[in-house]
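A quick write-up on the structure given underneath.
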Amino acid sequence: MFTLSDERPDDWWEVEALYDTCFAPGRTLLSSYRLREGVAPVAALCRVARDPQGMIGGAIRYWPVRVGGARALLLGPVAVHPTAQGEGLGAALIRDTLARAEELGEDRVLLVGDAPYYARFGFERLDGVVMPPPTNPDRVLGFALRPGAWDGVTGEVTSWQQEA
Ligand SMILES: CC(C)(COP(=O)(O)OP(=O)(O)OC[C@H]1O[C@@H](n2cnc3c(N)ncnc32)[C@H](O)[C@@H]1OP(=O)(O)O)[C@@H](O)C(=O)NCCC(=O)NCCS
């Protein structure tokens, strides 16, 4: 059994270690990490899943980005420890945080990931939304927290720090 809670500042390195375990080496070289540099994550949407001993078995973080000037949330990284995968924890973290993002008044979420996994949450390929290279456009997926929130929102994905 896992319990979801907010990531605390003290959890930062345990979450990083979990990501190191779950992703291929060199994960921080991915272009999505360039969009996170020097920008604070959205604290209210950074959540961890703890087992009864308090160990973190899953984690999700979000960062704000701009898409052609409009605000969007970049979902990820999300990861579940290999010993706990396939039990619905990833889905629980994603559903929990999408609902929170909606409550916070956010409009839209994007990510770079496997469409066959994220389609179940309502993510669809985003046409005309360009992540920094090298990114496979088929892996750039979006979810509208409000009807039509992605309509007309296109362009390059840039750091939240950059002026629109
Ligand atoms: C992707 C991840 C977060 C999913 O978490 P999880 O708790 O294992 O997933 P869930 O239990 O919610 O869902 C399991 C289902 O997703 C499927 N699935 C998992 N990863 C998938 C992928 N990359 N592509 C397609 N389907 C995938 C499983 O086959 C399973 O399918 P089923 O429901 O038909 O049996 C987890 O597997 C993980 O940490 N993977 C390594 C890191 C990673 O790839 N993160 C995502 C970056 S895009």
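Simple scheme: letters A, B, ... for chains in structure tokens order, numbers from 1 for residues in each chain, numbers from 1 for ligands in the order shown.
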Neighbourhood of ligand 1 at 12 Å, counting only C-alpha atoms and all ligand atoms, reported as an MDAnalysis selection string: chainID A and resid 2 15 18:25 27 30 32 49 57:61 74:96 110:121 139:141
Can those selected residues be exported to a file as a compact mmCIF listing (two decimals), in the first residue's frame so that it contains C-alpha atoms?
```
# COMPACT_ATOMS: atom_id res chain seq x y z
CA PHE A 2 1.27 3.44 -0.92
CA VAL A 15 13.27 11.35 -5.60
CA LEU A 18 14.38 6.98 -7.72
CA TYR A 19 14.53 8.68 -11.13
CA ASP A 20 18.13 7.44 -11.56
CA THR A 21 16.90 3.91 -10.87
CA CYS A 22 13.95 4.13 -13.26
CA PHE A 23 15.40 5.99 -16.24
CA ALA A 24 18.31 5.27 -18.55
CA PRO A 25 21.65 6.88 -17.66
CA ARG A 27 18.36 11.28 -18.44
CA LEU A 30 17.18 15.10 -22.51
CA SER A 32 13.03 18.52 -21.46
CA ALA A 49 4.04 7.77 -3.03
CA GLY A 57 8.22 4.18 -4.37
CA GLY A 58 6.88 6.66 -6.91
CA ALA A 59 7.16 10.35 -7.70
CA ILE A 60 5.91 12.98 -10.09
CA ARG A 61 6.96 16.57 -10.70
CA LEU A 74 5.31 20.16 -18.30
CA LEU A 75 4.46 16.83 -16.65
CA GLY A 76 7.45 14.84 -15.53
CA PRO A 77 9.51 13.17 -14.60
CA VAL A 78 7.10 10.53 -13.35
CA ALA A 79 8.48 7.20 -12.21
CA VAL A 80 7.58 4.17 -10.15
CA HIS A 81 10.20 1.87 -8.64
CA PRO A 82 10.58 -1.35 -10.68
CA THR A 83 9.38 -3.44 -7.74
CA ALA A 84 6.09 -1.52 -7.64
CA GLN A 85 5.38 -1.06 -11.34
CA GLY A 86 2.19 -2.31 -12.96
CA GLU A 87 0.06 -1.89 -9.84
CA GLY A 88 -1.58 1.39 -10.76
CA LEU A 89 0.77 3.70 -8.86
CA GLY A 90 1.84 5.65 -11.94
CA ALA A 91 -1.82 6.12 -12.90
CA ALA A 92 -2.67 7.23 -9.35
CA LEU A 93 0.10 9.85 -9.37
CA ILE A 94 -0.93 11.16 -12.78
CA ARG A 95 -4.68 11.27 -12.04
CA ASP A 96 -4.15 12.87 -8.62
CA LEU A 110 2.14 18.65 -21.97
CA LEU A 111 4.74 15.91 -21.72
CA VAL A 112 7.19 13.92 -23.78
CA GLY A 113 6.33 10.26 -23.47
CA ASP A 114 4.83 7.07 -24.81
CA ALA A 115 1.39 7.73 -26.33
CA PRO A 116 0.19 4.15 -25.65
CA TYR A 117 0.59 4.78 -21.91
CA TYR A 118 -0.62 8.37 -21.66
CA ALA A 119 -3.63 7.99 -24.00
CA ARG A 120 -5.52 6.32 -21.14
CA PHE A 121 -5.46 9.62 -19.24
CA ARG A 139 6.03 11.81 -28.27
CA VAL A 140 4.88 15.39 -27.61
CA LEU A 141 1.48 14.90 -25.97
```
Using backbone DSSP assignments, extract all strand (DSSP E) residues from chain A; output them as an NGL selection string. :A and (3-6 or 47-50 or 56-67 or 70-80 or 108-112 or 124-125 or 129-130 or 140-144 or 155-159)
Write a file of the just-selected residues containing C-alpha atoms, as a PDB file, in the first residue's frame.
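So the final result, stored in selection_20.pdb, reads:
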```
ATOM      1  CA  THR A   3       0.120   6.821   0.319  1.00  0.00           C
ATOM      2  CA  LEU A   4       0.366   9.947  -1.810  1.00  0.00           C
ATOM      3  CA  SER A   5       1.624  13.162  -0.252  1.00  0.00           C
ATOM      4  CA  ASP A   6       3.365  16.395  -1.219  1.00  0.00           C
ATOM      5  CA  ARG A  47       3.873  14.387  -5.187  1.00  0.00           C
ATOM      6  CA  VAL A  48       5.413  11.224  -3.813  1.00  0.00           C
ATOM      7  CA  ALA A  49       4.038   7.770  -3.029  1.00  0.00           C
ATOM      8  CA  ARG A  50       5.361   6.282   0.218  1.00  0.00           C
ATOM      9  CA  ILE A  56       9.380   6.653  -1.713  1.00  0.00           C
ATOM     10  CA  GLY A  57       8.223   4.183  -4.373  1.00  0.00           C
ATOM     11  CA  GLY A  58       6.879   6.664  -6.906  1.00  0.00           C
ATOM     12  CA  ALA A  59       7.163  10.353  -7.695  1.00  0.00           C
ATOM     13  CA  ILE A  60       5.907  12.982 -10.092  1.00  0.00           C
ATOM     14  CA  ARG A  61       6.962  16.574 -10.696  1.00  0.00           C
ATOM     15  CA  TYR A  62       5.723  19.401 -12.920  1.00  0.00           C
ATOM     16  CA  TRP A  63       7.356  22.558 -14.245  1.00  0.00           C
ATOM     17  CA  PRO A  64       5.777  25.630 -15.836  1.00  0.00           C
ATOM     18  CA  VAL A  65       6.772  26.292 -19.458  1.00  0.00           C
ATOM     19  CA  ARG A  66       5.636  28.554 -22.268  1.00  0.00           C
ATOM     20  CA  VAL A  67       4.176  27.322 -25.539  1.00  0.00           C
ATOM     21  CA  ALA A  70       0.988  30.655 -23.362  1.00  0.00           C
ATOM     22  CA  ARG A  71       1.515  29.008 -19.984  1.00  0.00           C
ATOM     23  CA  ALA A  72       1.485  25.214 -19.846  1.00  0.00           C
ATOM     24  CA  LEU A  73       2.594  22.618 -17.332  1.00  0.00           C
ATOM     25  CA  LEU A  74       5.311  20.161 -18.298  1.00  0.00           C
ATOM     26  CA  LEU A  75       4.455  16.828 -16.646  1.00  0.00           C
ATOM     27  CA  GLY A  76       7.449  14.836 -15.533  1.00  0.00           C
ATOM     28  CA  PRO A  77       9.505  13.168 -14.601  1.00  0.00           C
ATOM     29  CA  VAL A  78       7.096  10.528 -13.345  1.00  0.00           C
ATOM     30  CA  ALA A  79       8.477   7.200 -12.208  1.00  0.00           C
ATOM     31  CA  VAL A  80       7.577   4.165 -10.149  1.00  0.00           C
ATOM     32  CA  ARG A 108      -3.109  22.728 -20.129  1.00  0.00           C
ATOM     33  CA  VAL A 109      -0.472  20.041 -19.605  1.00  0.00           C
ATOM     34  CA  LEU A 110       2.138  18.649 -21.968  1.00  0.00           C
ATOM     35  CA  LEU A 111       4.739  15.912 -21.724  1.00  0.00           C
ATOM     36  CA  VAL A 112       7.191  13.919 -23.780  1.00  0.00           C
ATOM     37  CA  GLU A 124      -3.123  13.277 -27.400  1.00  0.00           C
ATOM     38  CA  ARG A 125      -0.372  14.158 -29.850  1.00  0.00           C
ATOM     39  CA  VAL A 129       3.917  22.308 -30.470  1.00  0.00           C
ATOM     40  CA  VAL A 130       7.682  22.073 -30.854  1.00  0.00           C
ATOM     41  CA  VAL A 140       4.875  15.386 -27.610  1.00  0.00           C
ATOM     42  CA  LEU A 141       1.484  14.901 -25.969  1.00  0.00           C
ATOM     43  CA  GLY A 142      -1.031  17.295 -24.473  1.00  0.00           C
ATOM     44  CA  PHE A 143      -4.011  17.240 -22.131  1.00  0.00           C
ATOM     45  CA  ALA A 144      -6.591  20.031 -21.839  1.00  0.00           C
ATOM     46  CA  GLY A 155       4.795  27.193 -31.265  1.00  0.00           C
ATOM     47  CA  GLU A 156       8.051  26.469 -29.546  1.00  0.00           C
ATOM     48  CA  VAL A 157       8.126  25.236 -25.982  1.00  0.00           C
ATOM     49  CA  THR A 158      10.414  27.546 -24.052  1.00  0.00           C
ATOM     50  CA  SER A 159      11.571  27.999 -20.500  1.00  0.00           C
TER      51      SER A 159
END
```
Atom CA of A:Thr154 to atom CA of A:Asp127: how many Å, to one decimal?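 Atom CA of A:Asp127 lies at a distance of 7.6 Å from atom CA of A:Thr154.
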Residues flagged alpha helix (DSSP H) by DSSP in stretch 3-143 of chain A, as a PyMOL selection string: chain A and resi 12-22+31-34+89-103+115-118
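The coordinates place atom CA of A:Ala44 at 11.9 Å from atom CA of A:Glu106.
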Have a look at atom CA of A:Glu37 and atom CA of A:Gln161 and let me know their distance in Å, one decimal.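 Atom CA of A:Gln161 lies at a distance of 9.3 Å from atom CA of A:Glu37.
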Between A:Gly128, A:Val153, A:Arg146, A:Arg34, which residue has the minimum interatomic distance to A:Ala99, considering only C-alpha atoms?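 When distances to A:Ala99 are compared using only C-alpha atoms, the smallest one comes from A:Arg146.
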